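Next comes final35.txt, a file with compact mmCIF, C-alpha atoms and all ligand atoms.
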```
# COMPACT_ATOMS: atom_id res chain seq x y z
CA MET A 191 0.00 0.00 0.00
CA SER A 192 1.56 3.26 -1.03
CA ILE A 193 0.90 6.23 1.21
CA SER A 194 1.48 9.77 0.05
CA LYS A 195 1.01 13.27 1.33
CA THR A 196 -0.01 16.15 -0.90
CA GLU A 197 -1.72 19.49 -0.83
CA GLY A 198 -4.93 19.71 -2.81
CA ILE A 199 -8.07 21.71 -3.55
CA VAL A 200 -11.47 20.03 -3.87
CA LEU A 201 -12.94 20.78 -7.32
CA LYS A 202 -16.18 18.87 -6.89
CA TYR A 203 -17.68 15.79 -5.25
CA THR A 204 -20.39 13.21 -5.53
CA ASP A 205 -22.04 11.53 -2.58
CA LEU A 206 -21.37 7.87 -2.11
CA GLY A 207 -23.52 5.59 0.02
CA GLU A 208 -24.77 6.84 3.37
CA ALA A 209 -21.92 8.96 4.58
CA ASP A 210 -19.04 9.00 2.08
CA LYS A 211 -18.03 11.24 -0.83
CA ILE A 212 -15.92 10.77 -3.92
CA LEU A 213 -13.89 13.95 -4.21
CA THR A 214 -12.21 15.27 -7.34
CA ILE A 215 -9.12 17.00 -6.02
CA LEU A 216 -6.54 19.05 -7.87
CA THR A 217 -3.34 18.16 -6.05
CA ARG A 218 0.00 19.86 -6.05
CA ASP A 219 1.98 16.65 -6.66
CA ASN A 220 -0.31 14.12 -8.37
CA GLY A 221 -2.41 16.20 -10.77
CA LYS A 222 -6.14 15.59 -10.61
CA ILE A 223 -7.21 12.63 -8.50
CA LYS A 224 -10.42 10.97 -7.38
CA ALA A 225 -10.40 10.16 -3.71
CA ILE A 226 -12.89 8.58 -1.34
CA ALA A 227 -13.47 10.44 1.90
CA LYS A 228 -15.00 7.77 4.08
CA GLY A 229 -17.58 8.89 6.60
CA CYS A 230 -17.01 12.56 5.78
CA ARG A 231 -20.74 13.40 5.76
CA LYS A 232 -21.10 12.42 9.41
CA PRO A 233 -21.26 15.54 11.55
CA ARG A 234 -18.36 14.49 13.73
CA SER A 235 -16.09 13.28 10.95
CA SER A 236 -12.57 14.68 10.97
CA LEU A 237 -12.88 14.91 7.16
CA LEU A 238 -16.15 16.91 7.21
CA SER A 239 -14.75 20.35 6.30
CA SER A 240 -11.87 19.17 4.16
CA SER A 241 -14.38 17.40 1.87
CA GLU A 242 -16.16 20.61 0.86
CA VAL A 243 -15.57 22.26 -2.53
CA PHE A 244 -12.77 24.85 -2.83
CA VAL A 245 -11.24 23.82 0.51
CA PHE A 246 -7.45 23.62 0.40
CA SER A 247 -5.97 20.90 2.62
CA GLU A 248 -2.98 18.72 3.09
CA TYR A 249 -4.08 15.15 2.55
CA VAL A 250 -2.62 11.83 3.55
CA LEU A 251 -3.73 9.32 0.95
CA TYR A 252 -3.26 5.75 -0.02
CA LYS A 253 -3.85 4.47 -3.47
CA GLY A 254 -6.42 1.74 -3.86
CA LYS A 255 -7.35 -0.15 -7.00
CA ASN A 256 -9.66 2.48 -8.52
CA PHE A 257 -9.49 5.42 -6.16
CA TYR A 258 -7.30 7.13 -3.67
CA HIS A 259 -8.51 6.95 -0.07
CA ILE A 260 -8.10 9.83 2.33
CA THR A 261 -6.86 8.81 5.74
CA GLN A 262 -6.16 12.26 7.11
CA ALA A 263 -6.60 15.89 6.12
CA VAL A 264 -5.37 19.11 7.63
CA ILE A 265 -7.10 22.25 6.36
CA ARG A 266 -4.83 25.01 5.09
CA GLU A 267 -7.48 27.43 3.83
CA THR A 268 -11.27 27.24 3.53
CA PHE A 269 -11.65 30.44 1.43
CA TYR A 270 -14.74 30.95 3.55
CA ASN A 271 -15.74 34.33 2.08
CA ILE A 272 -16.40 32.75 -1.30
CA ARG A 273 -19.49 31.06 0.13
CA LYS A 274 -21.01 34.25 1.46
CA ASP A 275 -21.84 35.72 -1.93
CA LEU A 276 -23.59 33.98 -4.81
CA LEU A 277 -21.65 35.82 -7.53
CA ARG A 278 -18.32 35.03 -5.86
CA LEU A 279 -19.39 31.42 -5.47
CA SER A 280 -20.34 31.28 -9.17
CA TYR A 281 -16.92 32.56 -10.21
CA ALA A 282 -15.22 29.99 -7.97
CA THR A 283 -17.35 27.22 -9.48
CA TYR A 284 -16.33 28.33 -12.97
CA PHE A 285 -12.64 28.51 -11.94
CA ALA A 286 -12.85 24.96 -10.58
CA GLU A 287 -14.67 23.64 -13.66
CA LEU A 288 -11.99 25.14 -15.91
CA ALA A 289 -9.18 23.65 -13.80
CA GLU A 290 -10.89 20.29 -13.97
CA ALA A 291 -11.21 20.51 -17.75
CA VAL A 292 -7.50 21.16 -18.36
CA SER A 293 -6.00 18.84 -15.73
CA ASP A 294 -5.23 15.19 -16.16
CA GLU A 295 -5.44 12.37 -13.67
CA GLY A 296 -2.03 11.56 -12.29
CA ILE A 297 -0.16 14.17 -14.33
CA PRO A 298 1.17 16.82 -11.97
CA SER A 299 0.95 20.50 -12.81
CA GLU A 300 2.15 22.58 -9.92
CA ARG A 301 1.62 25.76 -11.94
CA LEU A 302 -2.06 24.99 -12.42
CA PHE A 303 -2.47 24.11 -8.75
CA LEU A 304 -0.85 27.37 -7.65
CA LEU A 305 -2.88 29.37 -10.16
CA LEU A 306 -6.14 28.00 -8.80
CA ALA A 307 -5.02 28.46 -5.19
CA LYS A 308 -4.11 32.10 -5.83
CA ALA A 309 -7.30 32.80 -7.80
CA LEU A 310 -9.46 31.41 -4.97
CA TYR A 311 -7.43 33.36 -2.44
CA TYR A 312 -7.93 36.67 -4.24
CA LEU A 313 -11.58 35.85 -4.88
CA SER A 314 -12.08 35.35 -1.14
CA THR A 315 -10.12 38.40 -0.02
CA GLU A 316 -11.95 40.75 -2.43
CA LYS A 317 -8.69 42.59 -3.17
CA ILE A 318 -9.14 42.31 -6.93
CA PRO A 319 -12.44 42.92 -8.79
CA MET A 320 -13.98 39.57 -9.69
CA GLY A 321 -14.35 40.24 -13.42
CA LEU A 322 -10.71 41.28 -13.74
CA LEU A 323 -9.52 38.32 -11.69
CA SER A 324 -11.54 36.05 -13.95
CA LEU A 325 -9.95 37.42 -17.13
CA GLY A 326 -6.46 37.00 -15.67
CA TYR A 327 -7.22 33.49 -14.41
CA GLN A 328 -8.68 32.31 -17.72
CA LEU A 329 -5.76 33.63 -19.77
CA LYS A 330 -3.13 32.22 -17.43
CA LEU A 331 -4.90 28.87 -17.31
CA MET A 332 -4.95 28.66 -21.11
CA ASP A 333 -1.27 29.64 -21.21
CA ILE A 334 -0.33 26.89 -18.71
CA SER A 335 -2.38 24.39 -20.74
CA GLY A 336 -0.44 25.12 -23.92
CA TYR A 337 -2.86 27.58 -25.50
CA ARG A 338 -1.16 30.92 -24.99
CA PRO A 339 -2.80 33.43 -27.34
CA ASN A 340 -0.23 34.57 -29.88
CA LEU A 341 -0.03 38.36 -29.75
CA GLN A 342 3.45 38.81 -31.24
CA ARG A 343 3.17 37.39 -34.76
CA CYS A 344 0.50 37.14 -37.42
CA GLY A 345 -1.22 33.76 -37.29
CA VAL A 346 -1.39 33.57 -41.11
CA CYS A 347 1.96 34.83 -42.46
CA ARG A 348 3.90 34.42 -39.17
CA LYS A 349 5.51 37.83 -39.60
CA SER A 350 5.97 40.28 -36.78
CA CYS A 351 4.03 43.38 -37.86
CA ARG A 352 3.26 46.86 -36.59
CA GLU A 353 -0.48 46.43 -36.37
CA TYR A 354 -2.95 43.61 -36.04
CA PRO A 355 -6.57 44.48 -36.75
CA LYS A 356 -8.03 41.01 -36.17
CA PHE A 357 -7.88 38.11 -33.75
CA SER A 358 -8.57 34.62 -35.03
CA VAL A 359 -9.77 32.18 -32.40
CA GLU A 360 -8.90 29.17 -34.52
CA LEU A 361 -5.40 30.38 -35.37
CA GLY A 362 -4.96 31.24 -31.70
CA GLY A 363 -3.90 34.84 -32.13
CA VAL A 364 -3.62 38.08 -34.03
CA VAL A 365 -3.76 38.60 -37.80
CA CYS A 366 -1.88 41.37 -39.60
CA GLU A 367 -3.25 44.06 -41.93
CA GLU A 368 -1.90 42.33 -45.03
CA CYS A 369 -3.54 39.00 -44.18
CA ASN A 370 -6.77 40.66 -43.11
CA THR A 371 -8.56 39.61 -46.27
CA ASP A 372 -11.60 37.42 -46.73
CA GLU A 373 -9.47 34.94 -48.59
CA SER A 374 -6.82 34.46 -45.87
CA LEU A 375 -9.34 34.34 -43.08
CA ARG A 376 -11.85 32.06 -44.76
CA ASN A 377 -12.28 28.74 -42.91
CA ASN A 378 -10.60 30.15 -39.85
CA GLY A 379 -13.65 30.18 -37.60
CA ASP A 380 -14.44 33.08 -35.30
CA ILE A 381 -12.67 36.31 -36.20
CA PHE A 382 -12.79 39.33 -33.90
CA LYS A 383 -11.86 42.93 -34.51
CA ILE A 384 -9.18 43.83 -32.02
CA SER A 385 -7.77 47.18 -30.97
CA GLN A 386 -4.19 47.98 -30.02
CA GLY A 387 -5.39 48.74 -26.49
CA THR A 388 -6.91 45.28 -26.22
CA ILE A 389 -3.70 43.62 -27.39
CA GLU A 390 -1.76 45.59 -24.78
CA ALA A 391 -4.25 44.65 -22.06
CA LEU A 392 -4.11 40.97 -23.06
CA ASN A 393 -0.31 41.08 -22.81
CA PHE A 394 -0.59 42.71 -19.43
CA LEU A 395 -3.07 40.10 -18.12
CA LEU A 396 -0.92 37.25 -19.39
CA ASN A 397 2.34 38.49 -17.95
CA ILE A 398 1.46 40.15 -14.65
CA GLU A 399 1.37 38.29 -11.32
CA ILE A 400 -2.21 37.66 -10.14
CA SER A 401 -1.59 39.80 -7.06
CA ARG A 402 -0.88 42.80 -9.32
CA LEU A 403 -3.80 42.42 -11.74
CA ASN A 404 -5.43 45.63 -10.54
CA THR A 405 -2.37 47.82 -11.12
CA LYS A 406 -3.57 48.80 -14.60
CA LYS A 407 -6.87 50.42 -15.47
CA ILE A 408 -8.68 48.56 -18.24
CA ASP A 409 -11.58 50.53 -19.67
CA ASN A 410 -14.97 48.96 -20.28
CA THR A 411 -14.77 48.72 -24.07
CA ILE A 412 -11.46 46.87 -23.87
CA PHE A 413 -12.68 44.73 -20.99
CA ASN A 414 -15.73 43.63 -23.00
CA GLU A 415 -13.63 42.95 -26.10
CA ILE A 416 -11.29 40.73 -24.07
CA GLU A 417 -14.16 38.92 -22.42
CA ARG A 418 -15.72 38.04 -25.78
CA ILE A 419 -12.39 36.88 -27.24
CA ILE A 420 -11.46 34.73 -24.23
CA ARG A 421 -14.86 33.10 -24.14
CA ALA A 422 -14.70 32.08 -27.79
CA PHE A 423 -11.03 31.10 -27.43
CA ILE A 424 -11.69 28.78 -24.48
CA GLN A 425 -14.79 27.24 -26.00
CA SER A 426 -13.00 26.53 -29.26
CA HIS A 427 -9.72 25.16 -27.86
CA LEU A 428 -11.14 23.16 -24.95
CA ASP A 429 -14.15 22.15 -27.05
CA LYS A 430 -16.46 22.19 -24.08
CA ARG A 431 -19.45 24.10 -22.86
CA PHE A 432 -19.11 25.15 -19.25
CA LYS A 433 -22.32 24.86 -17.26
CA SER A 434 -20.90 27.06 -14.54
CA LEU A 435 -20.34 29.83 -17.08
CA ASP A 436 -24.01 29.76 -18.13
CA PHE A 437 -24.94 29.99 -14.47
CA LEU A 438 -22.51 32.86 -13.93
CA ASP A 439 -24.10 34.73 -16.87
CA ALA A 440 -27.56 34.19 -15.42
CA ILE A 441 -26.45 35.53 -12.03
CA LYS A 442 -24.86 38.59 -13.65
CA ASP A 443 -27.97 39.24 -15.77
CA SER A 444 -30.19 39.07 -12.73
CA GLY A 445 -28.10 41.89 -11.28
CA PHE A 446 -27.28 39.89 -8.20
ZN ZN B 501 0.00 38.27 -41.83
```

Encoded form (structure tokens):
Amino acid sequence: MSISKTEGIVLKYTDLGEADKILTILTRDNGKIKAIAKGCRKPRSSLLSSSEVFVFSEYVLYKGKNFYHITQAVIRETFYNIRKDLLRLSYATYFAELAEAVSDEGIPSERLFLLLAKALYYLSTEKIPMGLLSLGYQLKLMDISGYRPNLQRCGVCRKSCREYPKFSVELGGVVCEECNTDESLRNNGDIFKISQGTIEALNFLLNIEISRLNTKKIDNTIFNEIERIIRAFIQSHLDKRFKSLDFLDAIKDSGF
């Protein structure tokens, strides 16, 4: 029986039997894992709190045939504030769903783990506006997963140019003035108009530490342009519809 210790964040769970849960945990050392928390739904269980979503704990695990089993957990951070506000909770749910989509079972990605941990931390401390944090998180997550938007060279001719009027989701980046023709862009899926200010803001969001995301003012027009581009970019490259994003939209529309 191999026993290991790792930090992890619960992404989601399903109930099992009378009192157990199967947790999906993004760990620091083992990538995404599925782990059984036995008895954790009993009120006096020592695993009660560490089996809730978004909770960050250090786990002692042993690997069974199909699942890991949690023998011990010490909570590092509950990110309690996230649960006090429906909009905040919706963002956290979307962050977790995205992390789940790009992580693999048993393949470690410490960068992804740290990105999620920091995003949940800043979401709970309210130091960075939620919408801005979300843009930064989504871009950084795509970068870590091998889909960094290309903002330095034209996606068609590969040249480094002075201006890029378009962004092609399918080509994964900007398109230069010369290639901005119906012929070059045909069959290249979603094409967005993009301004120089948006390109600069995208570069900023990609390169700045999460803790410093609010050190640059991004105006509403640029913010909305980035939001539309990222949404199409993620949907196209991850080829998945995120239920939590639909829910987040509904919450925002209701003016919650
Ligand atoms: Zn070009």

Who sits within 9 Å of range 279-284 of chain A, only C-alpha atoms, same chain under 5 positions skipped, as a PyMOL selection string: chain A and resi 201-202+243-244+271-274+289+309-310+313+320-321+324+432-435+437-438+441

Top pick for closest residue to Glu287 in chain A, considering A:Ile384, A:Leu428, A:Cys369, A:Leu304 and counting all atoms listed in the file: A:Leu428

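The gap separating CA of Ser314 in chain A from CA of Ile260 in chain A is 26.1 Å, in Å to one decimal.
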
Nearest candidate to Asn220 in chain A (options A:Phe303, A:Phe269, A:Tyr203, A:Tyr327; using all atoms listed in the file): A:Phe303

Contacts with ligand ZN 501 (chain B) at most 10 Å, only C-alpha atoms and all ligand atoms counted, listed as a ChimeraX atom specification: /A:343-351,353-354,364-371,374

Separation of CA of Lys211 in chain A from CA of Gln328 in chain A in Å: 28.6 Å

Among the residues A:Lys442, A:Lys383, A:Lys356, A:Lys228, the one that comes closest to Phe257 in chain A [using all atoms listed in the file]: A:Lys228

Separation of CA of Lys195 in chain A from CA of Val250 in chain A, in Å and rounded to one decimal: 4.5 Å

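Residues lying within 7 Å of (-7.8, 23.3, -17.7). Counted over all atoms listed in the file, they are Leu288, Ala289, Glu290, Ala291, Val292, Ser293, Leu331, Met332 and Ser335 of chain A.
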
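Contact shell of range 399-413 of chain A at 10 Å (only C-alpha atoms; same-chain neighbours under 5 positions omitted): Leu305, Lys308, Ala309, Tyr311, Tyr312, Lys317, Ile318, Pro319, Gly321, Leu322, Leu323, Leu325, Gly326, Tyr327, Lys330, Ile384, Ser385, Gln386, Gly387, Thr388, Ile389, Glu390, Ala391, Leu392, Phe394 and Arg418 of chain A.
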